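Taking it in order: structure first as structure tokens, then the write-up.
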Amino acid sequence: MGSVHTDTRIDTNHDDDTQRNNHRSNHDQHHQHRDDQGDHDHPQHHHDHNHRDNPRPALDRTAIVRWAAGMGAVTAEAVAVHLGVSAASARGRLRAAEGERLLKRCRPLTGHPALYTVTRAGLRNAEARGVEPCTVSASNALHLIECARVAAALERCYPDHRVQGERELRGEERERHRALASAEIGMGLRGERASRHHPDLVLWPLDANAGLPVAIEVELTVKAPERLAAICRAWARARCVVGVLYLAPPEVERAVLRAIDLAQARERVVVVPLEALPAHFGPPSERTVPSAA
């Protein structure tokens, strides 16, 4: 199996002229529309006055709700990048969906963006099957915020791919009764019961003939060394993904590198700094996605 290379679109030099994308049409094909996180914005209900005459706002809202359902939770900032709109516009759209009780807003961490999660009514509106509403707490809020940010950034960096959230992936795997982009830990060795590990995100080629997906892990805290090595070892065995990309802050990056070495998984698993993801987006790029050499 060839080694996985990080793509130059994940810029370790933080260049501001990184790629913007025209991925809206691509994500419409896969029911993945954009969301923007709502932090401290004011509701904008002016779109609703002519709702019956103009169905577009309702379609946009459904797409946002569907994206939130698949991701688990989104922020206004992530939705802004996802949709290619201003943060104020994203907040207005999220608040409108909240007003219709399609989304629920919560902010468990002071000084961090608010998170929007889908409600039962939102799931019905978006026709999102196999997905349950996400529960947000102080313990998982930061990870949810970062996953939404990373997902939106990856959509911009790789317009020829779609980004899938863990919750949507779990639903699809339950429906199909097989692993699509996950890894088996344990594999039944020494009487152990194998368990399935799901990545935080999956980067799927839009072209069905373009190969396997890339699993994305957003690692913010240091796991127990044995657990992290077991996950890396499972990813090294997984044949439903072309490879795995870990995004981590410096102190966690070192722990992931040790686990990769312990699992002898360097051919399948790589780690790059979390801050390598661009914060600003320029014109679309023609560079390629991480791939097997």
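Lettering and numbering for the structure tokens are positional, with chains as A, B, ... in the shown order, residues counted from 1 in each chain, and ligands counted from 1 in the shown order.
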8 Å contact set for His143 of chain A, only C-alpha atoms, chain neighbours under 4 positions out, as a ChimeraX atom specification:
/A:147,218,220
Prev. selection, N, CA and C atoms, output as an mmCIF file, in the first residue's frame:
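Saved file selection15.cif follows:
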data_model
loop_
_atom_site.group_PDB
_atom_site.id
_atom_site.type_symbol
_atom_site.label_atom_id
_atom_site.label_comp_id
_atom_site.auth_asym_id
_atom_site.auth_seq_id
_atom_site.Cartn_x
_atom_site.Cartn_y
_atom_site.Cartn_z
ATOM 1 N N CYS A 147 -14.393 20.601 14.856
ATOM 2 C CA CYS A 147 -14.784 19.726 13.745
ATOM 3 C C CYS A 147 -15.587 20.489 12.695
ATOM 4 N N VAL A 218 -9.726 14.856 14.136
ATOM 5 C CA VAL A 218 -9.428 16.130 14.790
ATOM 6 C C VAL A 218 -9.100 15.805 16.244
ATOM 7 N N LEU A 220 -7.702 16.844 19.719
ATOM 8 C CA LEU A 220 -7.430 18.025 20.540
ATOM 9 C C LEU A 220 -6.793 17.696 21.879
#
Would you pick out the contacts of Ala138 of chain A at 12 Å or less, using only C-alpha atoms, so that residues sharing its chain but fewer than 5 positions from it are not included, and give the list as a tab-separated table (two decimals) with N, CA and C atoms, in the first residue's frame?
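Final output, out-v1.tsv:
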chain	number	residue	atom	x	y	z
A	106	CYS	N	-27.01	26.49	21.62
A	106	CYS	CA	-26.48	26.42	22.98
A	106	CYS	C	-25.05	26.93	22.98
A	107	ARG	N	-24.63	27.44	24.13
A	107	ARG	CA	-23.28	27.99	24.25
A	107	ARG	C	-22.70	27.62	25.61
A	108	PRO	N	-22.19	26.40	25.74
A	108	PRO	CA	-21.71	25.94	27.05
A	108	PRO	C	-20.37	26.51	27.46
A	109	LEU	N	-19.61	27.05	26.50
A	109	LEU	CA	-18.28	27.57	26.81
A	109	LEU	C	-18.22	29.07	26.60
A	110	THR	N	-17.97	29.82	27.66
A	110	THR	CA	-17.83	31.26	27.56
A	110	THR	C	-16.60	31.60	26.73
A	112	HIS	N	-16.34	31.18	23.54
A	112	HIS	CA	-16.31	30.34	22.33
A	112	HIS	C	-17.63	30.48	21.60
A	114	ALA	N	-21.22	29.89	19.78
A	114	ALA	CA	-22.40	29.07	20.07
A	114	ALA	C	-22.47	27.93	19.08
A	115	LEU	N	-23.10	26.86	19.49
A	115	LEU	CA	-23.29	25.69	18.64
A	115	LEU	C	-24.77	25.51	18.33
A	143	HIS	N	-14.52	20.33	20.87
A	143	HIS	CA	-14.26	19.39	19.77
A	143	HIS	C	-15.29	19.58	18.66
A	144	LEU	N	-16.55	19.79	19.01
A	144	LEU	CA	-17.59	20.03	18.01
A	144	LEU	C	-17.32	21.32	17.23
A	145	ILE	N	-16.87	22.36	17.94
A	145	ILE	CA	-16.55	23.63	17.28
A	145	ILE	C	-15.42	23.43	16.27
Long-range neighbours of Glu146 of chain A as a list in words, 10 Å cut-off, only C-alpha atoms, 6 positions minimum in chain
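Counting only C-alpha atoms, the residues come to Val74, Thr75, Ala78, Ala152, Val218, Glu219, Leu220 and Leu274 of chain A.
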With only C-alpha atoms as the atoms that count, which of A:Ile185, A:Leu94, A:Cys232, A:Leu247 lies nearest to Asp261 of chain A?
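Ranking A:Ile185, A:Leu94, A:Cys232, A:Leu247 by distance to Asp261 of chain A, first place goes to A:Cys232.
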Extract the full set of strand (DSSP E or B) residues from segment 118-251 of chain A according to DSSP on the backbone, and format it as a list in words.
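Output for segment 118-251 of chain A, strand (DSSP E or B) only: Val118, His161, Arg162, Val163, Gln164, Gly165, Ala183, Glu184, Ile185, Ser195, Arg196, His197, Leu201, Val202, Leu203, Trp204, Pro205, Val214, Ala215, Ile216, Glu217, Val218, Gly243, Val244, Leu245, Tyr246, Leu247 and Ala248 of chain A.
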Contacts of Ala183 of chain A within 10 Å, only C-alpha atoms, excl. fewer than 2 positions in-chain, as a PyMOL selection string
chain A and resi 179-181+185-187+194-199+215+231-241
Could you list, as number ranges by chain, every residue within 9 Å of Val65 of chain A, counting only C-alpha atoms and ignoring same-chain residues fewer than 5 positions away?
A: 33-35, 60, 70, 94, 97, 102-103, 117-118, 122-123, 125-126
Per DSSP on the backbone, what are the alpha helix (DSSP H) residues of segment 38-275 of chain A, as a ChimeraX atom specification?
/A:56-71,76-83,87-99,120-126,141-157,166-176,225-237,250-263
Go ahead and dump the residues you just picked, C-alpha atoms, as a short mmCIF file (atom, residue, chain, number, x, y, z; two decimals), in the first residue's frame.
data_model
loop_
_atom_site.label_atom_id
_atom_site.label_comp_id
_atom_site.auth_asym_id
_atom_site.auth_seq_id
_atom_site.Cartn_x
_atom_site.Cartn_y
_atom_site.Cartn_z
CA ARG A 56 -35.53 29.40 -2.06
CA PRO A 57 -35.11 30.44 1.61
CA ALA A 58 -36.85 27.25 2.71
CA LEU A 59 -34.59 25.17 0.46
CA ASP A 60 -31.49 26.90 1.82
CA ARG A 61 -32.70 26.41 5.38
CA THR A 62 -33.32 22.72 4.80
CA ALA A 63 -29.82 22.33 3.39
CA ILE A 64 -28.31 24.07 6.42
CA VAL A 65 -30.33 21.87 8.78
CA ARG A 66 -29.23 18.77 6.87
CA TRP A 67 -25.57 19.82 7.16
CA ALA A 68 -25.97 20.43 10.90
CA ALA A 69 -27.59 17.01 11.29
CA GLY A 70 -24.71 15.26 9.54
CA MET A 71 -22.04 17.20 11.44
CA ALA A 76 -22.07 30.50 12.56
CA GLU A 77 -18.42 30.89 11.59
CA ALA A 78 -18.31 27.43 10.04
CA VAL A 79 -21.59 27.97 8.22
CA ALA A 80 -20.25 31.23 6.78
CA VAL A 81 -17.29 29.36 5.25
CA HIS A 82 -19.52 26.46 4.24
CA LEU A 83 -21.94 28.72 2.36
CA ALA A 87 -20.82 35.61 9.33
CA ALA A 88 -23.77 37.96 9.84
CA SER A 89 -25.69 36.31 7.01
CA ALA A 90 -24.89 32.87 8.41
CA ARG A 91 -26.09 33.87 11.84
CA GLY A 92 -29.30 35.21 10.41
CA ARG A 93 -29.99 31.95 8.60
CA LEU A 94 -29.22 29.90 11.69
CA ARG A 95 -31.44 32.08 13.86
CA ALA A 96 -34.24 31.77 11.31
CA ALA A 97 -33.95 27.98 11.48
CA GLU A 98 -33.87 28.22 15.27
CA GLY A 99 -37.03 30.34 15.14
CA ARG A 120 -36.40 16.23 15.94
CA ALA A 121 -38.46 18.61 13.83
CA GLY A 122 -35.30 19.54 11.94
CA LEU A 123 -34.54 15.90 11.22
CA ARG A 124 -38.02 15.45 9.77
CA ASN A 125 -37.71 18.65 7.74
CA ALA A 126 -34.35 17.62 6.30
CA ALA A 141 -18.24 21.59 22.82
CA LEU A 142 -14.68 22.54 21.85
CA HIS A 143 -14.26 19.39 19.77
CA LEU A 144 -17.59 20.03 18.01
CA ILE A 145 -16.55 23.63 17.28
CA GLU A 146 -13.23 22.52 15.81
CA CYS A 147 -14.78 19.73 13.75
CA ALA A 148 -17.25 22.18 12.19
CA ARG A 149 -14.42 24.61 11.43
CA VAL A 150 -12.24 21.89 9.93
CA ALA A 151 -15.11 20.50 7.84
CA ALA A 152 -15.90 23.89 6.32
CA ALA A 153 -12.22 24.59 5.63
CA LEU A 154 -11.72 21.20 3.97
CA GLU A 155 -14.74 21.85 1.74
CA ARG A 156 -13.02 25.01 0.52
CA CYS A 157 -9.64 23.35 0.13
CA GLU A 166 -19.17 11.23 11.90
CA ARG A 167 -22.90 11.10 12.69
CA GLU A 168 -23.89 10.82 9.04
CA LEU A 169 -21.22 8.17 8.48
CA ARG A 170 -22.50 6.10 11.43
CA GLY A 171 -26.03 6.26 10.03
CA GLU A 172 -24.95 5.12 6.57
CA GLU A 173 -22.88 2.27 7.98
CA ARG A 174 -25.81 1.07 10.08
CA GLU A 175 -28.04 1.20 7.03
CA ARG A 176 -25.58 -0.73 4.84
CA PRO A 225 -0.85 5.84 24.59
CA GLU A 226 -2.18 2.28 24.31
CA ARG A 227 -5.57 3.47 23.08
CA LEU A 228 -4.10 5.85 20.52
CA ALA A 229 -1.68 3.20 19.23
CA ALA A 230 -4.56 0.71 18.92
CA ILE A 231 -6.51 3.21 16.82
CA CYS A 232 -3.51 3.92 14.59
CA ARG A 233 -2.93 0.17 14.21
CA ALA A 234 -6.58 -0.28 13.21
CA TRP A 235 -6.31 2.51 10.63
CA ALA A 236 -3.16 0.88 9.23
CA ARG A 237 -5.23 -2.28 8.59
CA PRO A 250 1.58 20.79 18.86
CA GLU A 251 1.39 19.00 22.22
CA VAL A 252 -1.05 16.43 20.84
CA GLU A 253 0.80 16.11 17.53
CA ARG A 254 3.84 14.69 19.35
CA ALA A 255 1.71 12.04 21.07
CA VAL A 256 0.08 11.07 17.77
CA LEU A 257 3.48 10.73 16.11
CA ARG A 258 4.63 8.39 18.88
CA ALA A 259 1.49 6.29 18.46
CA ILE A 260 1.95 6.14 14.69
CA ASP A 261 5.52 4.91 15.17
CA LEU A 262 4.46 2.37 17.80
CA ALA A 263 1.78 1.05 15.44
#
How far is it from atom CA of Glu127 of chain A to atom CA of Val163 of chain A, in Å with one decimal?
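That distance, rounded to one decimal, is 18.8 Å.
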Residue contacts of Asp207 of chain A (10 Å, only C-alpha atoms) excluding same-chain residues fewer than 3 positions away, as a ChimeraX atom specification
/A:160-161,204,210-211
Could you tell me how far atom CA of Val270 of chain A sits from atom CA of Arg178 of chain A, in Å to one decimal place?
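Computing the Euclidean distance for atom CA of Arg178 of chain A and atom CA of Val270 of chain A yields 24.9 Å.
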Gap from atom CA of Gln164 of chain A to atom CA of Val202 of chain A - Å, one decimal:
5.0 Å
